[in-house]
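> Provided below: structure_17.cif, containing mmCIF, C-alpha atoms.
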```cif
data_entry
#
loop_
_atom_site.label_atom_id
_atom_site.label_comp_id
_atom_site.auth_asym_id
_atom_site.auth_seq_id
_atom_site.Cartn_x
_atom_site.Cartn_y
_atom_site.Cartn_z
CA MET A 1 86.01 127.35 130.63
CA HIS A 2 83.68 124.57 131.71
CA TRP A 3 83.14 120.96 130.86
CA TYR A 4 80.04 118.93 131.50
CA GLU A 5 79.73 115.31 132.55
CA LEU A 6 76.97 113.38 130.77
CA ASP A 7 75.15 110.20 131.67
CA SER A 8 74.34 107.33 129.29
CA GLU A 9 71.38 109.33 127.92
CA ASN A 10 73.53 112.44 127.29
CA ARG A 11 71.97 114.34 130.18
CA ILE A 12 74.19 116.77 132.10
CA THR A 13 75.02 115.38 135.53
CA ASN A 14 77.77 117.76 136.64
CA ARG A 15 79.61 120.91 135.60
CA ARG A 16 83.34 121.39 136.22
CA ASP A 17 85.27 124.66 136.10
CA LEU A 18 88.40 124.33 133.99
CA GLN A 19 91.27 126.82 133.90
CA ILE A 20 93.71 126.74 131.01
CA ALA A 21 97.36 127.77 131.33
CA ILE A 22 99.88 128.90 128.71
CA ASP A 23 103.52 129.93 128.99
CA GLN A 24 103.35 133.61 129.95
CA SER A 25 107.07 134.06 129.32
CA ARG A 26 106.32 133.58 125.62
CA PHE A 27 102.65 134.50 125.12
CA ALA A 28 100.49 137.39 126.31
CA LEU A 29 96.73 136.86 126.25
CA VAL A 30 94.54 139.61 124.84
CA PRO A 31 92.43 140.97 127.72
CA LYS A 32 88.96 139.39 128.00
CA ALA A 33 89.49 137.27 124.90
CA GLU A 34 87.34 134.16 124.52
CA ALA A 35 88.80 130.67 124.41
CA ARG A 36 87.43 128.40 121.67
CA PRO A 37 87.75 124.73 122.71
CA PHE A 38 87.64 121.67 120.42
CA LEU A 39 87.82 117.97 121.24
CA ILE A 40 89.61 116.16 118.42
CA ASP A 41 92.02 113.24 118.08
CA TRP A 42 94.86 115.51 116.93
CA ASN A 43 97.62 112.87 116.84
CA ARG A 44 95.44 109.93 115.74
CA ASP A 45 96.16 107.75 118.77
CA GLY A 46 92.51 106.92 119.43
CA ILE A 47 92.24 109.36 122.37
CA GLU A 48 90.62 112.78 122.09
CA ASP A 49 92.81 115.83 122.69
CA LEU A 50 91.81 119.30 123.86
CA VAL A 51 92.58 121.96 121.23
CA VAL A 52 91.96 125.60 122.22
CA ALA A 53 92.02 128.67 119.98
CA LEU A 54 93.29 131.79 121.76
CA LEU A 55 94.15 135.35 120.77
CA VAL A 56 97.72 136.01 121.95
CA ALA A 57 100.85 138.07 121.31
CA ASP A 58 104.02 136.03 120.82
CA ARG A 59 106.79 137.77 122.78
CA THR A 60 109.47 135.84 120.85
CA ARG A 61 108.58 137.52 117.56
CA PRO A 62 110.55 140.79 117.43
CA ARG A 63 108.35 142.39 114.80
CA THR A 64 105.13 142.02 116.78
CA GLY A 65 103.66 145.44 117.49
CA PRO A 66 102.17 146.56 120.82
CA MET A 67 98.67 145.67 119.59
CA GLY A 68 99.84 142.71 117.52
CA TYR A 69 97.60 139.94 118.80
CA CYS A 70 97.23 136.90 116.56
CA PRO A 71 95.16 133.71 116.73
CA ARG A 72 96.99 130.59 117.86
CA LEU A 73 96.03 127.00 118.53
CA PHE A 74 97.11 125.32 121.78
CA ILE A 75 96.77 121.68 122.75
CA LYS A 76 96.64 119.31 125.70
CA TYR A 77 97.19 115.76 124.49
CA GLY A 78 94.93 113.11 125.93
CA SER A 79 96.38 109.89 127.32
CA SER A 80 95.22 106.64 128.88
CA SER A 81 96.32 107.99 132.27
CA ARG A 82 94.52 111.31 131.82
CA GLN A 83 91.37 110.08 133.58
CA ASP A 84 93.31 109.32 136.79
CA GLU A 85 95.05 112.69 136.54
CA ILE A 86 91.71 114.49 136.25
CA GLU A 87 90.15 112.55 139.10
CA ASN A 88 93.12 113.28 141.38
CA GLY A 89 92.91 116.98 140.55
CA LEU A 90 89.17 117.08 141.21
CA ASN A 91 89.60 115.30 144.52
CA GLN A 92 92.00 118.05 145.56
CA ARG A 93 89.47 120.66 144.32
CA HIS A 94 92.36 123.06 143.72
CA VAL A 95 95.61 122.44 141.91
CA THR A 96 97.87 124.89 143.71
CA THR A 97 101.09 124.26 141.84
CA SER A 98 101.94 124.81 138.21
CA PRO A 99 105.16 125.23 136.22
CA PRO A 100 107.02 128.56 136.47
CA GLN A 101 105.57 131.38 134.37
CA MET A 102 102.24 129.58 134.11
CA PHE A 103 98.86 130.55 135.52
CA THR A 104 97.73 129.25 138.91
CA PRO A 105 94.10 128.46 139.76
CA GLN A 106 91.85 131.37 140.61
CA GLY A 107 88.17 131.77 141.29
CA GLY A 108 87.48 128.20 142.37
CA ALA A 109 88.71 126.31 139.30
CA ASP A 110 88.43 122.54 139.68
CA LEU A 111 91.36 121.77 137.41
CA VAL A 112 94.19 123.52 135.56
CA VAL A 113 95.24 122.27 132.11
CA ASN A 114 98.61 123.37 130.76
CA LEU A 115 98.49 123.93 127.00
CA GLU A 116 101.28 123.73 124.42
CA PRO A 117 101.28 125.77 121.18
CA VAL A 118 100.89 124.03 117.83
CA GLU A 119 101.91 125.37 114.44
CA PHE A 120 99.72 125.80 111.37
CA GLY A 121 102.70 125.62 109.04
CA ASN A 122 103.03 126.97 105.48
CA GLY A 123 103.76 130.52 106.58
CA ILE A 124 100.45 131.34 108.28
CA GLU A 125 102.13 132.48 111.52
CA GLU A 126 104.69 134.54 109.53
CA HIS A 127 101.87 136.10 107.50
CA TRP A 128 99.99 137.14 110.64
CA ASP A 129 103.25 138.28 112.23
CA GLY A 130 103.82 140.60 109.26
CA LEU A 131 100.33 142.04 109.58
CA SER A 132 100.69 142.59 113.32
CA SER A 133 103.97 144.46 112.76
CA GLN A 134 101.87 146.95 110.76
CA ARG A 135 99.52 147.33 113.75
CA TRP A 136 96.83 145.07 112.33
CA ARG A 137 94.95 142.97 114.87
CA ILE A 138 94.02 139.59 113.42
CA PHE A 139 90.88 137.68 114.32
CA ALA A 140 90.05 134.13 113.27
CA GLU A 141 87.44 131.43 113.75
CA PHE A 142 88.30 127.73 113.35
CA ALA A 143 86.61 124.47 112.45
CA PHE A 144 87.80 120.97 111.62
CA GLY A 145 86.40 118.48 109.11
CA ASP A 146 87.24 116.21 106.18
CA VAL A 147 86.83 118.67 103.31
CA ASP A 148 88.20 116.44 100.54
CA SER A 149 86.80 113.12 101.84
CA ASP A 150 90.21 111.44 102.12
CA GLY A 151 89.66 110.27 105.71
CA ASN A 152 91.82 112.98 107.34
CA PHE A 153 90.46 116.01 109.19
CA ASP A 154 91.35 119.32 107.56
CA LEU A 155 91.52 122.85 108.98
CA ILE A 156 88.96 125.52 108.05
CA PHE A 157 89.48 129.04 109.33
CA SER A 158 88.44 132.64 108.76
CA GLU A 159 90.80 135.61 108.76
CA ARG A 160 90.01 139.25 109.46
CA ALA A 161 92.39 142.10 110.21
CA VAL A 162 91.43 145.49 111.64
CA ARG A 163 93.35 148.47 112.96
CA VAL A 164 92.68 151.98 114.23
CA VAL A 165 94.07 154.75 112.02
CA VAL A 166 93.93 158.55 112.14
CA ASP A 167 92.07 160.20 109.27
CA GLN A 168 94.46 162.71 107.68
CA ASP A 169 91.61 165.07 106.72
CA THR A 170 89.63 165.16 109.97
CA GLY A 171 92.20 164.08 112.55
CA LEU A 172 89.68 161.60 113.94
CA GLN A 173 90.28 157.95 114.56
CA ARG A 174 88.52 155.42 112.37
CA MET A 175 88.52 151.66 112.01
CA GLU A 176 90.26 150.28 108.95
CA HIS A 177 89.45 146.79 107.66
CA SER A 178 91.51 144.50 105.49
CA GLN A 179 90.11 141.77 103.27
CA SER A 180 88.10 139.17 105.13
CA ALA A 181 88.15 135.56 103.89
CA VAL A 182 87.56 131.92 104.79
CA TYR A 183 90.21 129.29 103.95
CA TRP A 184 90.81 125.58 104.25
CA MET A 185 94.11 123.75 104.63
CA LYS A 186 94.39 120.12 103.53
CA ASN A 187 95.80 117.68 106.06
CA THR A 188 98.36 115.64 104.12
CA SER A 189 99.27 113.31 107.00
CA SER A 190 97.29 110.10 107.45
CA THR A 191 99.01 109.14 110.72
CA GLY A 192 100.19 111.08 113.76
CA ALA A 193 99.90 114.85 114.08
CA PRO A 194 98.44 116.73 111.08
CA GLU A 195 100.55 118.43 108.42
CA PHE A 196 98.62 121.18 106.70
CA ASP A 197 99.07 122.18 103.06
CA VAL A 198 98.80 125.75 101.73
CA ALA A 199 95.70 127.80 102.59
CA ARG A 200 93.03 127.86 99.87
CA GLU A 201 90.38 130.59 99.88
CA ILE A 202 86.80 129.31 99.73
CA PHE A 203 84.76 132.41 100.65
CA SER A 204 85.35 136.15 100.63
CA PRO A 205 82.68 138.12 102.53
CA ASP A 206 82.34 141.89 102.65
CA PRO A 207 85.09 143.22 104.99
CA GLN A 208 82.42 145.35 106.67
CA GLN A 209 80.45 142.13 107.40
CA PRO A 210 83.11 140.02 109.17
CA VAL A 211 82.81 136.36 110.01
CA ILE A 212 81.35 135.90 113.51
CA SER A 213 81.52 132.12 113.62
CA LEU A 214 81.78 129.10 111.35
CA ASN A 215 81.17 125.39 111.53
CA ALA A 216 81.59 122.36 109.30
CA ALA A 217 79.21 119.43 108.76
CA ASP A 218 77.33 117.65 105.98
CA PHE A 219 74.32 119.97 106.21
CA ASP A 220 72.66 118.85 102.95
CA GLN A 221 73.32 115.14 103.56
CA ASP A 222 75.04 114.54 100.21
CA GLY A 223 78.10 112.83 101.73
CA LYS A 224 80.34 115.90 101.35
CA LEU A 225 81.43 118.35 104.03
CA ASP A 226 79.82 121.79 103.96
CA VAL A 227 80.80 124.95 105.80
CA ILE A 228 78.32 127.37 107.34
CA VAL A 229 79.51 130.92 108.00
CA GLN A 230 77.78 133.48 110.19
CA SER A 231 78.23 137.20 109.60
CA PRO A 232 76.16 140.29 110.50
CA ALA A 233 74.51 139.87 107.08
CA GLY A 234 73.21 136.40 108.01
CA LEU A 235 74.19 132.77 107.44
CA HIS A 236 76.12 131.59 104.38
CA LEU A 237 76.09 127.90 103.45
CA LEU A 238 79.15 126.84 101.44
CA SER A 239 78.31 123.55 99.75
CA GLN A 240 80.61 121.42 97.61
CA THR A 241 79.34 120.97 94.08
CA GLU A 242 81.84 118.41 92.80
#
```
Can you dump the structure from the file as structure tokens?

Amino acid sequence: MHWYELDSENRITNRRDLQIAIDQSRFALVPKAEARPFLIDWNRDGIEDLVVALLVADRTRPRTGPMGYCPRLFIKYGSSSRQDEIENGLNQRHVTTSPPQMFTPQGGADLVVNLEPVEFGNGIEEHWDGLSSQRWRIFAEFAFGDVDSDGNFDLIFSERAVRVVVDQDTGLQRMEHSQSAVYWMKNTSSTGAPEFDVAREIFSPDPQQPVISLNAADFDQDGKLDVIVQSPAGLHLLSQTE
């Protein structure tokens, strides 16, 4: 991962190489998986936090199959002392120590950030755990925004599950898809860390045309949050009508 330093005119002045670290005694990263970073004030303390979406296998879940990777969110909370911590790490150029069972810097990383897992709540992890025990591999994209205009950021995410099965007639392997959908979860907490309500489906694309990415913003400038979804079929704009 990288982060970029900007000047007062939002021009890039420097690029830093950032390495993230998770507890390898609990989580196994899917090989070559991409990290999806977000900067958001997760705990409403006025300081932005780093939230990263990763595809991992949770070793503590006994039902997780050998290919049972699931999406998870991880966080590094920001603090008023974080700037000094970053500057000290950059001055050293390499952070050579990290907690046991964590990653250590490789490939010239300027700084290592240790991430902690966060929970979605309302059975999402258990739902994905059940799918992975049936050899489904779950993929998800995430976005944050105030869907219901109550002043709290909500969670928007896509879900897609695929697995390789053997065709009983031909003996050949084929890819099997489950239903693909986009959901939002209302944030019911107005202070501190978010508490998400049940997942509500807002879009159901063709399983053969899975969600590639999604984002949330007021695209039509009507004062209400919209969601734009990208799939192989094109872009889908989900606008609120009420």
> May I ask for the distance between atom CA of A:Ile40 and atom CA of A:Gly78, given in Å to one decimal place?
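These two atoms are separated by 9.7 Å.
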> Hey, which of A:Asp222, A:Asp148, A:Asp169, A:Asp7 ends up closest to A:Met185? Count all atoms listed in the file.
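Residue with the minimum atom-to-atom distance to A:Met185: A:Asp148.
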> If you apply the PyMOL selection byres ((chain A and resi 210-215) around 8) to this file, what residues do you get, as a ChimeraX atom specification?
/A:141-144,157-158,160,180,205-209,216-217,227-232
> Hey, can you pull every residue with an atom no more than 8 Å from (101.3, 110.7, 116.2), using all atoms listed in the file, and send it as an MDAnalysis selection string?
chainID A and resid 43:45 191:193
> Just how far from atom CA of A:Ile138 is atom CA of A:Leu225, in Å to one decimal?
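About the pair atom CA of A:Leu225 and atom CA of A:Ile138: they are 26.4 Å apart.
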> Counting all atoms listed in the file, select every polymer residue within 10 Å of (90.1, 112.4, 104.1) as defined in the file's coordinates, and provide the selection as a list of chain:residue names.
A:Gly145, A:Asp146, A:Val147, A:Asp148, A:Ser149, A:Asp150, A:Gly151, A:Asn152, A:Phe153, A:Asp154, A:Lys186, A:Asn187, A:Thr188, A:Ser189, A:Ser190
> Write out as a ChimeraX atom specification the residues lying within 12 Å of stretch 28-39 of chain A, counting all atoms listed in the file and excluding same-chain residues fewer than 5 positions away.
/A:1-3,18-23,47-61,64,66-78,101-103,115,137-145,213-215
> Record the distance separating atom CA of A:Gly46 and atom CA of A:Tyr4, expressed in Å with one decimal.
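The value is 21.1 Å.
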> Find the spatial neighbours of A:Glu176, counting only C-alpha atoms, within a cut-off of 10 Å - ignore same-chain residues fewer than 2 positions away - and output them as number ranges by chain.
A: 136, 161-166, 173-174, 178, 207-208
> Suppose a student applies the PyMOL selection byres ((chain A and resi 182) around 6) to this structure; what residues should they get, written as an NGL selection string?
:A and (157-158 or 181 or 183 or 201-203)
